[in-house]
Each structure stands twice: as structure tokens, then as C-alpha cells.
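Colleague: Encoded as C-alpha cells, here's the structure I'll be asking about.
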Amino acid sequence: MPESGSTYAAAGVDIEAGDRAVELMKEWVKKASRPEVVGGLGGFAGLFDASALARYQRPLLASATDGVGTKVDIARRMGVYDTIGHDLVGMVVDDLVVCGAEPLFMTDYICVGKVYPERVAAIVKGIAEGCTLAGCALVGGETAEHPGLLGADDFDVAGAGTGVVEADRVLGADRIRTGDAVIAMASSGLHSNGYSLVRHVLFDRAGWALDREVPELGRTLGEELLEPTRIYSLDCLALTRTTEVHAFSHITGGGLANNLARVIPEELRAVVDRSTWTPGAIFELVGQAGSVERLELEKTLNMGVGMMAVVPADSVDVALTTLADRGVEAWVSGEITERTAEDAEAVTLTGDHAS
């Protein structure tokens, strides 16, 4: 008997499972909308009514894209898929808001080894919830099944976002002045950066299990490592409405100093005092378990600060009050000074963290 013809399903791609996943995710996508969204899920492209931008004198569109790195491995091993979307949204929209842009909409890309509809829907649920927290819409996305390239339980997520800002209100280095204050906003934990180092240290070197109860953390290691990234976009936009802001810096890969340096003009520098805050226990645990030097930790992890704002000194009180009212722990962590010939770095970290 001749062999039957090959099929897409035999090659490992289950179209029916993909359709089922779309049906399951629809209710969550509907919740992550804005009045400007036209149509619903299922088209080849998401539609957004750009006439809403008519209120701007000179609207500039801002675009950003990102993923969540190897944090997806923690979600896979934990079997928890409805939080990783918060991380994805945070990584994208908080890059947009750095220039002062309001996030408008996002699209996502989910790549899996095998489509498990409930799992894909859980991932999208997290993305939709993150978009709601960020004030933007989820207008579409793509789920791709890659058998043979990824294991059945493997997956990755990425996303892209678009925002808008008035041209004369773009924030950045050109606004920063000597005497400005640097305000730090607390992170919720590791966020979504440095997980290759964290996994190497805690799993490969220390041999810890995800279900290990860690007294310093008050929960299991896995629960700590899956703590969602804090989304700051609406908090930052609130700051721009209530007081003068010169710049924001999203503290992601590369750590605090490297990211803050990206918004510091060449003639100035930021001096940040470590003694103004105490990093969460997870940062000390990573350092101790892997004998990781402080410089390596600081250039890899956020060390307890997820976003920074540079504001005039006379805006500090209003800024801190605004953030406190929104439930964001924030504090003055440093100041902007002149950069001299001896100052090689745009950002200088001084002192030691409070114990």
C-alpha cells in the first residue's frame, strides 16, 4: 500500500488547536481596548483611528519592541503562563513613556513548539491585563507553531507598541539642567532582565529548586522569580501632567547606571547615592549564591529601581506626592551636576546600600 500523503498536522502544526486558542483569548483581548480601536480580533491587521491624534499640534509617533528574555523558562517550569504577559507589556510601554509618549496600542508574537490552546490563551490574558494597566490597547498578534525547532513545552513571546507625544513635549537629555533631582521608583523585583545570570547562579551553581521556600523572600523561589514587571507608564504620564519632568530612564538590561546614562547630556553627570535605598532580598541572594561582585550585579540587574525621573529641584515634592498617591514607592536618589574633565562616566554611584 502506498503511504498516505503528508499533512500539516503530521508535520506538527495543529491548525484546529490554533483556532481554539484564538477563541479562548478573544474575551481577554476585548478587555484591552480603547475607543480608537476599530474592529475586533481576527483581521489581518489591527486598526486604530488616527483621527484621535488631531488634538495634537505636531504628533510624533513613538515605537518600541521587546521580549521578556529567559524569564519564559521560569514560567514554563512553573506551569504558570498568565503573568509573563505583564512582563512583556512593561518592557515595551515603559520604553515608550521615557520620551513622554502615551502608549496607544500593542501587538504580540507568541512562538510555541506546540499549541496548547489554554496555555496560549493564558499568555494572551496576561498581555491583555498588562495593556489595561498601561492604558493601551491590544489590537492584534500572531501565534506561530514551530515543531522541530522548539520542544512541545517551549515558547517565547515578543511584542511591539506604538505611542504618541507632542513634538514640543518630548523628554530627554536636552531638558536636563544642573541641580535637577534624580527620583528613583521602586521595582517589583528582578523585572525581566538578567535571568540568564540569575538562572545560572541559583539553578546551576546553587542547585536551588523552584519550590524551595526562601525565608528571606517570604515565599518560594519560583514565586519570586515570576513576580511580574511593574508597569510605570500611567504613573510617569501622571507625573508629566502634575509637575515638570525633564527625563525618564527605564532601568532594564544593563542596569541603573548604563540606562540612566542614556538620558544624561555630555556636559553633565548624575550622581546617585546607593544609601538612599535597600535592594530587595533577591538581589542579595543572587550576589551571595554566585559570589557575584557588586559591579557585575549593578550592570546586569535593576537592584530595586525600575524607573527613574529627572525633575527640577522645585518639582520634587509634587513628584513624590503624585507617585505616593498612585502607590509607587519613590525617593530622591541623586542629583545632576556639572561634568568635569575628571568625570569619565555620565553616572556615578556613590555610598553603600542601606541595610
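By order in the C-alpha cells, chains are A, B, ...; within a chain, residues start at 1; ligands start at 1, following the order shown.
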Can you list, as a PyMOL selection string, every residue of segment 153-343 of chain A that DSSP puts in strand (DSSP E)?
Modeller: chain A and resi 155-166+181-186+213-214+219-220+247-250+268-273+305-311+330-338
Colleague: Compile a residue-level contact table for segment 144-254 of chain A against segment 72-93 of chain A at a cut-off of 10 Å, reporting for every qualifying residue the shortest atom pair and its distance in Å to one decimal, with only C-alpha atoms counted, rows ordered by chain and ascending number, as JSON lines.
Modeller:
```
{"residue": "A:Asp153", "atom": "CA", "partner": "A:Arg76", "partner_atom": "CA", "distance": 7.1}
{"residue": "A:Asp154", "atom": "CA", "partner": "A:Arg76", "partner_atom": "CA", "distance": 7.1}
{"residue": "A:Phe155", "atom": "CA", "partner": "A:Val72", "partner_atom": "CA", "distance": 7.2}
{"residue": "A:Asp156", "atom": "CA", "partner": "A:Val72", "partner_atom": "CA", "distance": 6.5}
{"residue": "A:Val157", "atom": "CA", "partner": "A:Leu88", "partner_atom": "CA", "distance": 7.5}
{"residue": "A:Ala158", "atom": "CA", "partner": "A:Leu88", "partner_atom": "CA", "distance": 6.7}
{"residue": "A:Gly159", "atom": "CA", "partner": "A:Leu88", "partner_atom": "CA", "distance": 6.7}
{"residue": "A:Ala160", "atom": "CA", "partner": "A:Val92", "partner_atom": "CA", "distance": 6.6}
{"residue": "A:Gly161", "atom": "CA", "partner": "A:Val92", "partner_atom": "CA", "distance": 6.2}
{"residue": "A:Thr162", "atom": "CA", "partner": "A:Val93", "partner_atom": "CA", "distance": 8.2}
{"residue": "A:Gly163", "atom": "CA", "partner": "A:Val93", "partner_atom": "CA", "distance": 8.1}
{"residue": "A:His191", "atom": "CA", "partner": "A:Asp87", "partner_atom": "CA", "distance": 6.9}
{"residue": "A:Ser192", "atom": "CA", "partner": "A:Asp87", "partner_atom": "CA", "distance": 6.3}
{"residue": "A:Asn193", "atom": "CA", "partner": "A:Met91", "partner_atom": "CA", "distance": 9.5}
{"residue": "A:Tyr195", "atom": "CA", "partner": "A:Ile74", "partner_atom": "CA", "distance": 9.1}
{"residue": "A:Ser196", "atom": "CA", "partner": "A:Asp73", "partner_atom": "CA", "distance": 9.9}
{"residue": "A:Arg199", "atom": "CA", "partner": "A:Ile74", "partner_atom": "CA", "distance": 8.8}
{"residue": "A:Leu210", "atom": "CA", "partner": "A:Met78", "partner_atom": "CA", "distance": 7.5}
{"residue": "A:Asp211", "atom": "CA", "partner": "A:Met78", "partner_atom": "CA", "distance": 8.8}
{"residue": "A:Gly222", "atom": "CA", "partner": "A:Met78", "partner_atom": "CA", "distance": 6.9}
{"residue": "A:Glu223", "atom": "CA", "partner": "A:Met78", "partner_atom": "CA", "distance": 8.7}
{"residue": "A:Leu225", "atom": "CA", "partner": "A:Ile74", "partner_atom": "CA", "distance": 7.2}
{"residue": "A:Leu226", "atom": "CA", "partner": "A:Ile74", "partner_atom": "CA", "distance": 6.8}
{"residue": "A:Glu227", "atom": "CA", "partner": "A:Thr83", "partner_atom": "CA", "distance": 7.9}
{"residue": "A:Pro228", "atom": "CA", "partner": "A:Asp87", "partner_atom": "CA", "distance": 5.6}
{"residue": "A:Thr229", "atom": "CA", "partner": "A:Asp87", "partner_atom": "CA", "distance": 4.8}
{"residue": "A:Arg230", "atom": "CA", "partner": "A:Gly90", "partner_atom": "CA", "distance": 6.5}
{"residue": "A:Ile231", "atom": "CA", "partner": "A:Gly90", "partner_atom": "CA", "distance": 4.8}
{"residue": "A:Tyr232", "atom": "CA", "partner": "A:Gly90", "partner_atom": "CA", "distance": 7.5}
{"residue": "A:Ser233", "atom": "CA", "partner": "A:Val93", "partner_atom": "CA", "distance": 6.4}
{"residue": "A:Leu234", "atom": "CA", "partner": "A:Val93", "partner_atom": "CA", "distance": 9.7}
{"residue": "A:His250", "atom": "CA", "partner": "A:Met91", "partner_atom": "CA", "distance": 8.7}
{"residue": "A:Ile251", "atom": "CA", "partner": "A:Met91", "partner_atom": "CA", "distance": 9.8}
{"residue": "A:Thr252", "atom": "CA", "partner": "A:Met91", "partner_atom": "CA", "distance": 7.9}
```
Colleague: Take the residues just selected and output them with N, CA, C and O atoms as a short mmCIF file (atom, residue, chain, number, x, y, z; two decimals), in the first residue's frame.
Modeller:
```
data_model
loop_
_atom_site.label_atom_id
_atom_site.label_comp_id
_atom_site.auth_asym_id
_atom_site.auth_seq_id
_atom_site.Cartn_x
_atom_site.Cartn_y
_atom_site.Cartn_z
N ASP A 153 6.88 21.96 24.91
CA ASP A 153 6.54 22.86 26.01
C ASP A 153 7.25 24.21 25.93
O ASP A 153 7.04 25.07 26.78
N ASP A 154 8.11 24.38 24.93
CA ASP A 154 8.88 25.62 24.83
C ASP A 154 8.05 26.72 24.17
O ASP A 154 7.20 26.46 23.31
N PHE A 155 8.33 27.96 24.56
CA PHE A 155 7.66 29.09 23.94
C PHE A 155 8.49 30.35 24.14
O PHE A 155 9.39 30.40 24.98
N ASP A 156 8.18 31.36 23.37
CA ASP A 156 8.78 32.67 23.54
C ASP A 156 7.74 33.71 23.18
O ASP A 156 6.79 33.43 22.42
N VAL A 157 7.88 34.91 23.74
CA VAL A 157 6.94 35.98 23.46
C VAL A 157 7.69 37.26 23.14
O VAL A 157 8.78 37.51 23.67
N ALA A 158 7.12 38.05 22.27
CA ALA A 158 7.67 39.36 21.94
C ALA A 158 6.50 40.27 21.61
O ALA A 158 5.38 39.82 21.40
N GLY A 159 6.77 41.55 21.58
CA GLY A 159 5.69 42.48 21.30
C GLY A 159 6.23 43.80 20.78
O GLY A 159 7.42 44.11 20.93
N ALA A 160 5.36 44.57 20.17
CA ALA A 160 5.70 45.90 19.68
C ALA A 160 4.59 46.86 20.08
O ALA A 160 3.42 46.48 20.11
N GLY A 161 4.98 48.07 20.38
CA GLY A 161 3.99 49.06 20.80
C GLY A 161 4.20 50.39 20.09
O GLY A 161 5.30 50.71 19.63
N THR A 162 3.13 51.16 20.02
CA THR A 162 3.17 52.49 19.41
C THR A 162 2.55 53.48 20.38
O THR A 162 1.52 53.22 21.00
N GLY A 163 3.20 54.63 20.50
CA GLY A 163 2.69 55.69 21.36
C GLY A 163 2.76 57.02 20.64
O GLY A 163 3.24 57.12 19.50
N HIS A 191 12.19 42.15 37.59
CA HIS A 191 11.53 42.51 36.33
C HIS A 191 11.85 41.45 35.27
O HIS A 191 11.65 40.27 35.52
N SER A 192 12.37 41.81 34.12
CA SER A 192 12.60 40.79 33.09
C SER A 192 14.00 40.87 32.51
O SER A 192 14.20 40.64 31.32
N ASN A 193 14.96 41.20 33.35
CA ASN A 193 16.33 41.33 32.88
C ASN A 193 17.29 40.55 33.76
O ASN A 193 17.09 40.42 34.96
N TYR A 195 18.00 37.35 33.69
CA TYR A 195 17.61 36.00 34.10
C TYR A 195 18.60 34.92 33.67
O TYR A 195 18.63 33.85 34.27
N SER A 196 19.40 35.19 32.68
CA SER A 196 20.44 34.21 32.33
C SER A 196 21.44 34.10 33.47
O SER A 196 21.87 33.00 33.83
N ARG A 199 19.46 32.51 36.59
CA ARG A 199 19.25 31.07 36.43
C ARG A 199 20.57 30.30 36.60
O ARG A 199 20.60 29.24 37.23
N LEU A 210 12.77 25.44 42.23
CA LEU A 210 11.77 26.50 42.18
C LEU A 210 10.79 26.44 43.34
O LEU A 210 10.25 27.48 43.74
N ASP A 211 10.57 25.26 43.90
CA ASP A 211 9.64 25.15 45.02
C ASP A 211 10.32 25.32 46.37
O ASP A 211 9.71 25.11 47.42
N GLY A 222 10.43 30.14 43.06
CA GLY A 222 9.69 30.29 41.81
C GLY A 222 8.71 31.44 41.83
O GLY A 222 8.58 32.19 40.85
N GLU A 223 8.01 31.62 42.93
CA GLU A 223 7.06 32.72 43.05
C GLU A 223 7.78 34.07 42.95
O GLU A 223 7.27 35.01 42.33
N LEU A 225 10.70 34.63 41.40
CA LEU A 225 11.24 34.82 40.06
C LEU A 225 10.16 35.13 39.03
O LEU A 225 10.45 35.71 37.98
N LEU A 226 8.92 34.76 39.32
CA LEU A 226 7.82 35.06 38.40
C LEU A 226 7.10 36.36 38.72
O LEU A 226 6.14 36.72 38.04
N GLU A 227 7.54 37.07 39.76
CA GLU A 227 6.90 38.35 40.10
C GLU A 227 6.86 39.24 38.86
O GLU A 227 7.89 39.51 38.24
N PRO A 228 5.69 39.70 38.46
CA PRO A 228 5.59 40.47 37.20
C PRO A 228 6.33 41.81 37.26
O PRO A 228 6.45 42.44 38.32
N THR A 229 6.80 42.22 36.12
CA THR A 229 7.42 43.53 35.97
C THR A 229 6.42 44.63 36.29
O THR A 229 5.26 44.57 35.86
N ARG A 230 6.85 45.62 37.04
CA ARG A 230 5.97 46.75 37.31
C ARG A 230 5.82 47.59 36.05
O ARG A 230 6.79 47.84 35.33
N ILE A 231 4.60 48.01 35.77
CA ILE A 231 4.31 48.85 34.61
C ILE A 231 4.13 50.29 35.08
O ILE A 231 3.22 50.59 35.85
N TYR A 232 4.99 51.18 34.62
CA TYR A 232 5.04 52.55 35.13
C TYR A 232 4.40 53.58 34.21
O TYR A 232 4.37 54.77 34.56
N SER A 233 3.93 53.18 33.04
CA SER A 233 3.56 54.17 32.03
C SER A 233 2.55 55.20 32.53
O SER A 233 2.74 56.41 32.35
N LEU A 234 1.46 54.75 33.16
CA LEU A 234 0.45 55.71 33.63
C LEU A 234 0.97 56.56 34.78
O LEU A 234 0.59 57.73 34.92
N HIS A 250 14.20 54.11 31.85
CA HIS A 250 13.67 52.78 32.16
C HIS A 250 14.86 51.88 32.48
O HIS A 250 15.74 51.66 31.64
N ILE A 251 14.90 51.35 33.70
CA ILE A 251 16.05 50.56 34.14
C ILE A 251 15.84 49.10 33.75
O ILE A 251 15.15 48.34 34.43
N THR A 252 16.46 48.73 32.63
CA THR A 252 16.30 47.38 32.10
C THR A 252 17.69 46.75 31.95
O THR A 252 18.54 46.93 32.80
#
```
Colleague: For the alpha helix (DSSP H) assignment from backbone DSSP, which residues of segment 104-257 of chain A qualify? Please present them as a JSON list (two decimals) with N, CA, C and O atoms, in the first residue's frame.
Modeller:
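Result saved to selection28.json:
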```
[["chain", "number", "residue", "atom", "x", "y", "z"],
["A", 117, "PRO", "N", -4.08, 25.26, 23.44],
["A", 117, "PRO", "CA", -4.95, 26.43, 23.41],
["A", 117, "PRO", "C", -5.08, 27.16, 24.75],
["A", 117, "PRO", "O", -5.00, 28.39, 24.79],
["A", 118, "GLU", "N", -5.28, 26.41, 25.83],
["A", 118, "GLU", "CA", -5.44, 27.06, 27.13],
["A", 118, "GLU", "C", -4.18, 27.79, 27.56],
["A", 118, "GLU", "O", -4.24, 28.84, 28.20],
["A", 119, "ARG", "N", -3.03, 27.24, 27.20],
["A", 119, "ARG", "CA", -1.76, 27.86, 27.56],
["A", 119, "ARG", "C", -1.56, 29.17, 26.79],
["A", 119, "ARG", "O", -1.18, 30.19, 27.37],
["A", 120, "VAL", "N", -1.82, 29.12, 25.50],
["A", 120, "VAL", "CA", -1.69, 30.33, 24.68],
["A", 120, "VAL", "C", -2.68, 31.40, 25.16],
["A", 120, "VAL", "O", -2.33, 32.58, 25.28],
["A", 121, "ALA", "N", -3.89, 30.99, 25.47],
["A", 121, "ALA", "CA", -4.89, 31.94, 25.95],
["A", 121, "ALA", "C", -4.46, 32.57, 27.27],
["A", 121, "ALA", "O", -4.71, 33.76, 27.51],
["A", 122, "ALA", "N", -3.81, 31.79, 28.13],
["A", 122, "ALA", "CA", -3.33, 32.33, 29.41],
["A", 122, "ALA", "C", -2.25, 33.38, 29.18],
["A", 122, "ALA", "O", -2.20, 34.41, 29.87],
["A", 123, "ILE", "N", -1.37, 33.13, 28.22],
["A", 123, "ILE", "CA", -0.33, 34.11, 27.91],
["A", 123, "ILE", "C", -0.96, 35.40, 27.42],
["A", 123, "ILE", "O", -0.61, 36.50, 27.86],
["A", 124, "VAL", "N", -1.93, 35.29, 26.51],
["A", 124, "VAL", "CA", -2.60, 36.47, 25.97],
["A", 124, "VAL", "C", -3.39, 37.18, 27.06],
["A", 124, "VAL", "O", -3.45, 38.42, 27.09],
["A", 125, "LYS", "N", -3.98, 36.43, 27.98],
["A", 125, "LYS", "CA", -4.68, 37.03, 29.11],
["A", 125, "LYS", "C", -3.74, 37.97, 29.87],
["A", 125, "LYS", "O", -4.10, 39.10, 30.21],
["A", 126, "GLY", "N", -2.51, 37.51, 30.13],
["A", 126, "GLY", "CA", -1.55, 38.34, 30.84],
["A", 126, "GLY", "C", -1.17, 39.58, 30.05],
["A", 126, "GLY", "O", -1.01, 40.67, 30.61],
["A", 127, "ILE", "N", -1.02, 39.42, 28.73],
["A", 127, "ILE", "CA", -0.70, 40.58, 27.89],
["A", 127, "ILE", "C", -1.84, 41.58, 27.92],
["A", 127, "ILE", "O", -1.63, 42.79, 28.05],
["A", 128, "ALA", "N", -3.07, 41.09, 27.80],
["A", 128, "ALA", "CA", -4.24, 41.97, 27.81],
["A", 128, "ALA", "C", -4.35, 42.71, 29.15],
["A", 128, "ALA", "O", -4.64, 43.91, 29.19],
["A", 129, "GLU", "N", -4.12, 41.99, 30.24],
["A", 129, "GLU", "CA", -4.17, 42.64, 31.56],
["A", 129, "GLU", "C", -3.07, 43.69, 31.68],
["A", 129, "GLU", "O", -3.29, 44.77, 32.25],
["A", 130, "GLY", "N", -1.90, 43.39, 31.15],
["A", 130, "GLY", "CA", -0.82, 44.37, 31.17],
["A", 130, "GLY", "C", -1.16, 45.60, 30.36],
["A", 130, "GLY", "O", -0.88, 46.74, 30.78],
["A", 131, "CYS", "N", -1.78, 45.41, 29.21],
["A", 131, "CYS", "CA", -2.19, 46.55, 28.39],
["A", 131, "CYS", "C", -3.20, 47.41, 29.13],
["A", 131, "CYS", "O", -3.15, 48.65, 29.05],
["A", 132, "THR", "N", -4.11, 46.78, 29.84],
["A", 132, "THR", "CA", -5.09, 47.53, 30.63],
["A", 132, "THR", "C", -4.40, 48.37, 31.69],
["A", 132, "THR", "O", -4.73, 49.55, 31.90],
["A", 133, "LEU", "N", -3.40, 47.80, 32.35],
["A", 133, "LEU", "CA", -2.64, 48.54, 33.36],
["A", 133, "LEU", "C", -1.85, 49.70, 32.75],
["A", 133, "LEU", "O", -1.60, 50.71, 33.41],
["A", 134, "ALA", "N", -1.47, 49.54, 31.49],
["A", 134, "ALA", "CA", -0.68, 50.56, 30.80],
["A", 134, "ALA", "C", -1.53, 51.59, 30.10],
["A", 134, "ALA", "O", -1.00, 52.59, 29.60],
["A", 195, "TYR", "N", 18.00, 37.35, 33.69],
["A", 195, "TYR", "CA", 17.61, 36.00, 34.10],
["A", 195, "TYR", "C", 18.60, 34.92, 33.67],
["A", 195, "TYR", "O", 18.63, 33.85, 34.27],
["A", 196, "SER", "N", 19.40, 35.19, 32.68],
["A", 196, "SER", "CA", 20.44, 34.21, 32.33],
["A", 196, "SER", "C", 21.44, 34.10, 33.47],
["A", 196, "SER", "O", 21.87, 33.00, 33.83],
["A", 197, "LEU", "N", 21.82, 35.24, 34.05],
["A", 197, "LEU", "CA", 22.71, 35.22, 35.21],
["A", 197, "LEU", "C", 22.00, 34.61, 36.41],
["A", 197, "LEU", "O", 22.57, 33.76, 37.11],
["A", 198, "VAL", "N", 20.77, 35.02, 36.67],
["A", 198, "VAL", "CA", 20.03, 34.52, 37.83],
["A", 198, "VAL", "C", 19.83, 33.01, 37.76],
["A", 198, "VAL", "O", 20.05, 32.30, 38.74],
["A", 199, "ARG", "N", 19.46, 32.51, 36.59],
["A", 199, "ARG", "CA", 19.25, 31.07, 36.43],
["A", 199, "ARG", "C", 20.57, 30.30, 36.60],
["A", 199, "ARG", "O", 20.60, 29.24, 37.23],
["A", 221, "LEU", "N", 11.07, 30.27, 45.79],
["A", 221, "LEU", "CA", 11.95, 30.89, 44.80],
["A", 221, "LEU", "C", 11.20, 31.14, 43.49],
["A", 221, "LEU", "O", 11.31, 32.21, 42.89],
["A", 222, "GLY", "N", 10.43, 30.14, 43.06],
["A", 222, "GLY", "CA", 9.69, 30.29, 41.81],
["A", 222, "GLY", "C", 8.71, 31.44, 41.83],
["A", 222, "GLY", "O", 8.58, 32.19, 40.85],
["A", 223, "GLU", "N", 8.01, 31.62, 42.93],
["A", 223, "GLU", "CA", 7.06, 32.72, 43.05],
["A", 223, "GLU", "C", 7.78, 34.07, 42.95],
["A", 223, "GLU", "O", 7.27, 35.01, 42.33],
["A", 224, "GLU", "N", 8.95, 34.15, 43.57],
["A", 224, "GLU", "CA", 9.73, 35.38, 43.49],
["A", 224, "GLU", "C", 10.20, 35.65, 42.06],
["A", 224, "GLU", "O", 10.10, 36.79, 41.57],
["A", 225, "LEU", "N", 10.70, 34.63, 41.40],
["A", 225, "LEU", "CA", 11.24, 34.82, 40.06],
["A", 225, "LEU", "C", 10.16, 35.13, 39.03],
["A", 225, "LEU", "O", 10.45, 35.71, 37.98],
["A", 233, "SER", "N", 3.93, 53.18, 33.04],
["A", 233, "SER", "CA", 3.56, 54.17, 32.03],
["A", 233, "SER", "C", 2.55, 55.20, 32.53],
["A", 233, "SER", "O", 2.74, 56.41, 32.35],
["A", 234, "LEU", "N", 1.46, 54.75, 33.16],
["A", 234, "LEU", "CA", 0.45, 55.71, 33.63],
["A", 234, "LEU", "C", 0.97, 56.56, 34.78],
["A", 234, "LEU", "O", 0.59, 57.73, 34.92],
["A", 235, "ASP", "N", 1.86, 55.99, 35.60],
["A", 235, "ASP", "CA", 2.46, 56.77, 36.69],
["A", 235, "ASP", "C", 3.34, 57.87, 36.13],
["A", 235, "ASP", "O", 3.32, 59.01, 36.60],
["A", 236, "CYS", "N", 4.14, 57.54, 35.12],
["A", 236, "CYS", "CA", 5.01, 58.54, 34.50],
["A", 236, "CYS", "C", 4.20, 59.62, 33.80],
["A", 236, "CYS", "O", 4.52, 60.82, 33.89],
["A", 237, "LEU", "N", 3.15, 59.22, 33.10],
["A", 237, "LEU", "CA", 2.32, 60.21, 32.43],
["A", 237, "LEU", "C", 1.64, 61.13, 33.45],
["A", 237, "LEU", "O", 1.47, 62.33, 33.21],
["A", 238, "ALA", "N", 1.25, 60.57, 34.59],
["A", 238, "ALA", "CA", 0.66, 61.39, 35.65],
["A", 238, "ALA", "C", 1.66, 62.43, 36.13],
["A", 238, "ALA", "O", 1.30, 63.58, 36.41],
["A", 239, "LEU", "N", 2.93, 62.04, 36.24],
["A", 239, "LEU", "CA", 3.96, 62.99, 36.64],
["A", 239, "LEU", "C", 4.05, 64.15, 35.66],
["A", 239, "LEU", "O", 4.18, 65.32, 36.05],
["A", 240, "THR", "N", 4.02, 63.84, 34.36],
["A", 240, "THR", "CA", 4.15, 64.91, 33.36],
["A", 240, "THR", "C", 2.96, 65.86, 33.40],
["A", 240, "THR", "O", 3.09, 67.01, 32.94],
["A", 241, "ARG", "N", 1.84, 65.40, 33.91],
["A", 241, "ARG", "CA", 0.66, 66.27, 34.00],
["A", 241, "ARG", "C", 0.65, 67.11, 35.26],
["A", 241, "ARG", "O", 0.06, 68.20, 35.28],
["A", 242, "THR", "N", 1.28, 66.63, 36.32],
["A", 242, "THR", "CA", 1.20, 67.32, 37.60],
["A", 242, "THR", "C", 2.40, 68.21, 37.90],
["A", 242, "THR", "O", 2.30, 69.12, 38.73],
["A", 255, "GLY", "N", 21.43, 47.61, 33.61],
["A", 255, "GLY", "CA", 21.44, 48.15, 34.96],
["A", 255, "GLY", "C", 21.17, 49.64, 35.04],
["A", 255, "GLY", "O", 20.97, 50.34, 34.04],
["A", 256, "LEU", "N", 21.20, 50.15, 36.27],
["A", 256, "LEU", "CA", 20.83, 51.52, 36.55],
["A", 256, "LEU", "C", 21.75, 52.53, 35.88],
["A", 256, "LEU", "O", 21.30, 53.43, 35.17],
["A", 257, "ALA", "N", 23.05, 52.41, 36.09],
["A", 257, "ALA", "CA", 23.98, 53.42, 35.59],
["A", 257, "ALA", "C", 23.95, 53.51, 34.06],
["A", 257, "ALA", "O", 23.89, 54.61, 33.49]]
```
Colleague: Name all residues at most 7 Å from segment 169-178 of chain A (count only C-alpha atoms; drop same-chain ones fewer than 5 positions away) and give them as a PyMOL selection string.
Modeller: chain A and resi 99-100+246-247+263-265+336-338
Colleague: Please indicate the distance in Å from atom CA of Ala346 of chain A to atom CA of Glu266 of chain A, rounded to one decimal place.
Modeller: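 According to the coordinates, atom CA of Ala346 of chain A and atom CA of Glu266 of chain A are separated by 7.3 Å.
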Colleague: Can you tell me, as number ranges by chain, what residues are no more than 6 Å from segment 322-335 of chain A when counting only C-alpha atoms, ignoring any on the same chain fewer than 6 positions away?
Modeller: A: 180-186, 270-273, 276
Colleague: Using only C-alpha atoms, which of the listed residues (A:Thr321, A:Gly194, A:Ser249, A:Ala152) sits closest to Thr300 of chain A?
Modeller: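 Nearest candidate to Thr300 of chain A out of A:Thr321, A:Gly194, A:Ser249, A:Ala152: A:Gly194.
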Colleague: Rounded to one decimal, what separation in Å do you get between atom CA of Phe248 of chain A and atom CA of Val310 of chain A?
Modeller: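 Interatomic distance here is 6.2 Å.
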Colleague: Can you pull out the residues contacting Ile282 of chain A? Cut-off 8 Å, using only C-alpha atoms, and skip same-chain residues under 6 positions away; I want them as a short mmCIF file (atom, residue, chain, number, x, y, z; two decimals) with N, CA and C atoms, in the first residue's frame.
Modeller:
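That gives us around.cif:
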```cif
data_model
loop_
_atom_site.label_atom_id
_atom_site.label_comp_id
_atom_site.auth_asym_id
_atom_site.auth_seq_id
_atom_site.Cartn_x
_atom_site.Cartn_y
_atom_site.Cartn_z
N GLY A 189 10.82 43.78 41.68
CA GLY A 189 11.76 42.66 41.81
C GLY A 189 12.73 42.68 40.66
N LEU A 190 13.04 41.52 40.11
CA LEU A 190 14.01 41.44 39.03
C LEU A 190 13.48 42.02 37.71
N LEU A 217 12.74 35.72 51.33
CA LEU A 217 11.78 36.19 50.34
C LEU A 217 10.35 36.11 50.83
N GLU A 224 8.95 34.15 43.57
CA GLU A 224 9.73 35.38 43.49
C GLU A 224 10.20 35.65 42.06
#
```
Colleague: Have a look at atom CA of Ala313 of chain A and atom CA of Pro59 of chain A and let me know their distance in Å, one decimal.
Modeller: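 Atom-to-atom, atom CA of Ala313 of chain A and atom CA of Pro59 of chain A are spaced 28.9 Å apart.
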